[in-house]
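Trainee: What follows is a single structure, and I will ask about it in a moment.
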Amino acid sequence: MDETSQAREIFMVGLRNAHAMENQALSIMRPQLERIENYPDVARRLQQHIEETEGQQVRLENLLQSFGESSSTLKDAALSVVGSLAALGHTVADDEIIKNSLANFAFENFEIAAYKSLLVMCQLGGFGQAEAVLRQNLDEEVAMASWLDGNLSAVTERFVSLREAGASANV
Ligand SMILES: [Fe+2]
């Protein structure tokens with residue numbers, strides 16, 4: 001394989017992995033949203049990011065197609081690191097909302113790292129047509145990570161005060 005096709009193959013694998021990562025993101029967020037009862041701010045932001053993530057997947061699919069890659073192979077991709085991060089999510093526990101807040105923050109930062117790495121591959125391979133899509137996805141992950149970061153103290157305070165009041169607090 002020459003250098004050009006090597007760079008292209010590396011990038012295509014990266015894009016397919018990103019698509020699998022977004023599948024994982026949806027499988028983490030959707031069950032959380034279904035279970036939330038006492039944290040409407042978290043529910044609203046999760047709903048928004050689920051919709052953003054669905055859009056990210058469409059953009060990745062279109063990008064792969066523009067490189068002549070079939071999207072039928074996408075469902076086969078798997079990421080073990082993401083899988084183990086995901087295991088942190090949707091745990092049924094007394095402090096489920098806290099565990100999910102931590103797992104979501106970890107996952108969003110994983111996604112940020114993934115898109116930053118893809119942008120480097122994109123630049124090295126000269127695939128300028130992919131840059132806008134990758135930046136758009138990256139920006140949405142950065143915004144979500146930042147929201148989770150900013151909301152961590154509020155969600156923790158609410159959890160503690162609900163628990164102290166003897167109210168339902170875990171989701
Ligand atoms: Fe995300």
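The way I read the labels, and the way they are meant: chains A, B, ... in the order of the structure tokens, residue 1 as the first residue of every chain, and ligand 1 as the first ligand shown, with later ones counted on from there.
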Using only C-alpha atoms and all ligand atoms, which residues have at least one atom no more than 8 Å from ligand 1? Output them as a list in words.

Mentor: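 Counting only what the definition allows, namely only C-alpha atoms and all ligand atoms, the set is Glu22, Ala25, His49, Glu52, Thr53, Phe107, Glu108, Glu111, Glu140, Glu141, Met144 and Ala145 of chain A.
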
Trainee: For the residues in the current selection, export C-alpha atoms as a short mmCIF file (atom, residue, chain, number, x, y, z; two decimals), in the first residue's frame.

Mentor:
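Printed below is selection-v1.cif as written:
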data_model
loop_
_atom_site.label_atom_id
_atom_site.label_comp_id
_atom_site.auth_asym_id
_atom_site.auth_seq_id
_atom_site.Cartn_x
_atom_site.Cartn_y
_atom_site.Cartn_z
CA GLU A 22 -21.68 7.89 18.26
CA ALA A 25 -23.14 7.58 22.78
CA HIS A 49 -27.43 16.11 22.60
CA GLU A 52 -27.13 16.48 17.87
CA THR A 53 -25.59 13.00 17.94
CA PHE A 107 -17.50 9.90 27.38
CA GLU A 108 -17.76 13.43 25.99
CA GLU A 111 -15.29 11.96 21.90
CA GLU A 140 -20.92 19.92 19.78
CA GLU A 141 -18.92 17.54 21.98
CA MET A 144 -21.75 19.12 25.86
CA ALA A 145 -18.63 18.42 27.94
#

Trainee: Give me the residues near Asp95 (chain A) as a PyMOL selection string, where near means some atom within 9 Å (using only C-alpha atoms) and where sequence neighbours in that chain fewer than 5 positions away do not count.

Mentor: chain A and resi 100+159+169-171

Trainee: Please write the residues from the selection above to a file, keeping N, CA and C atoms, as a PDB file, in the first residue's frame.

Mentor:
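Contents of out.pdb, freshly written:
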ATOM      1  N   ASN A 100     -23.962   8.529  36.321  1.00  0.00           N
ATOM      2  CA  ASN A 100     -24.165   8.876  34.913  1.00  0.00           C
ATOM      3  C   ASN A 100     -23.533  10.215  34.568  1.00  0.00           C
ATOM      4  N   PHE A 159     -29.026  16.277  44.157  1.00  0.00           N
ATOM      5  CA  PHE A 159     -29.036  14.881  44.613  1.00  0.00           C
ATOM      6  C   PHE A 159     -28.978  14.816  46.135  1.00  0.00           C
ATOM      7  N   ALA A 169     -34.255  10.388  44.623  1.00  0.00           N
ATOM      8  CA  ALA A 169     -33.116  11.196  44.164  1.00  0.00           C
ATOM      9  C   ALA A 169     -32.258  10.501  43.118  1.00  0.00           C
ATOM     10  N   ASN A 170     -32.378   9.195  42.965  1.00  0.00           N
ATOM     11  CA  ASN A 170     -31.358   8.486  42.174  1.00  0.00           C
ATOM     12  C   ASN A 170     -31.416   8.786  40.672  1.00  0.00           C
ATOM     13  N   VAL A 171     -32.612   9.079  40.132  1.00  0.00           N
ATOM     14  CA  VAL A 171     -32.702   9.472  38.714  1.00  0.00           C
ATOM     15  C   VAL A 171     -33.607  10.687  38.538  1.00  0.00           C
TER      16      VAL A 171
END

Trainee: In Å to one decimal, how far is CA of Met21 (chain A) from CA of Phe127 (chain A)?

Mentor: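 Computing it gives 21.0 Å between the two atoms.
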
Trainee: Which one is closest to Ala106 (chain A): A:Ala20, A:Val142, A:Leu162, A:Ala43? Count only C-alpha atoms.

Mentor: A:Val142

Trainee: Would you please give, as JSON, numbers by chain, all residues of chain A that DSSP assigns to alpha helix (DSSP H) based on the backbone?

Mentor: {"A": [3, 4, 5, 6, 7, 8, 9, 10, 11, 12, 13, 14, 15, 16, 17, 18, 19, 20, 21, 22, 23, 24, 25, 26, 27, 28, 29, 30, 31, 32, 33, 34, 35, 40, 41, 42, 43, 44, 45, 46, 47, 48, 49, 50, 51, 52, 53, 54, 55, 56, 57, 58, 59, 60, 61, 62, 63, 64, 65, 66, 80, 81, 82, 83, 84, 85, 86, 96, 97, 98, 99, 100, 101, 102, 103, 104, 105, 106, 107, 108, 109, 110, 111, 112, 113, 114, 115, 116, 117, 118, 119, 120, 121, 122, 123, 124, 125, 131, 132, 133, 134, 135, 136, 137, 138, 139, 140, 141, 142, 143, 144, 145, 146, 147, 148, 149, 150, 151, 152, 153, 154, 155, 156, 157, 158, 159, 160, 161, 162, 163, 164]}

Trainee: Looking at only C-alpha atoms, which of A:Gly126, A:Met1, A:Asn23, A:Met12 is the one that sits closest to Gly55 (chain A)?

Mentor: A:Asn23

Trainee: With only C-alpha atoms as the atoms that count, which of A:Ile50, A:Leu60, A:Ala93, A:Leu138 lies nearest to Arg16 (chain A)?

Mentor: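 Looking at the shortest contact to Arg16 (chain A), the residue is A:Leu60.
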
Trainee: To one decimal in Å, tell me the separation between CA of Asp94 (chain A) and CA of Gln32 (chain A).

Mentor: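 Distance reported for this atom pair: 14.1 Å.
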
Trainee: Would you work out the distance separating CA of Leu46 (chain A) from CA of Tyr115 (chain A), expressed in Å to one decimal?

Mentor: 20.0 Å

Trainee: Taking only residues of region 13-37 of chain A that have an atom at most 12 Å from an atom of region 128-137 of chain A, what is each one's shortest atom pair and its distance in Å to one decimal, using only C-alpha atoms, in chain and number order, as CSV?

Mentor:
residue,atom,partner,partner_atom,distance
A:Gly14,CA,A:Leu134,CA,11.3
A:Leu15,CA,A:Leu134,CA,9.4
A:Ala18,CA,A:Leu134,CA,9.9
A:His19,CA,A:Asn137,CA,11.1
A:Glu22,CA,A:Asn137,CA,10.2
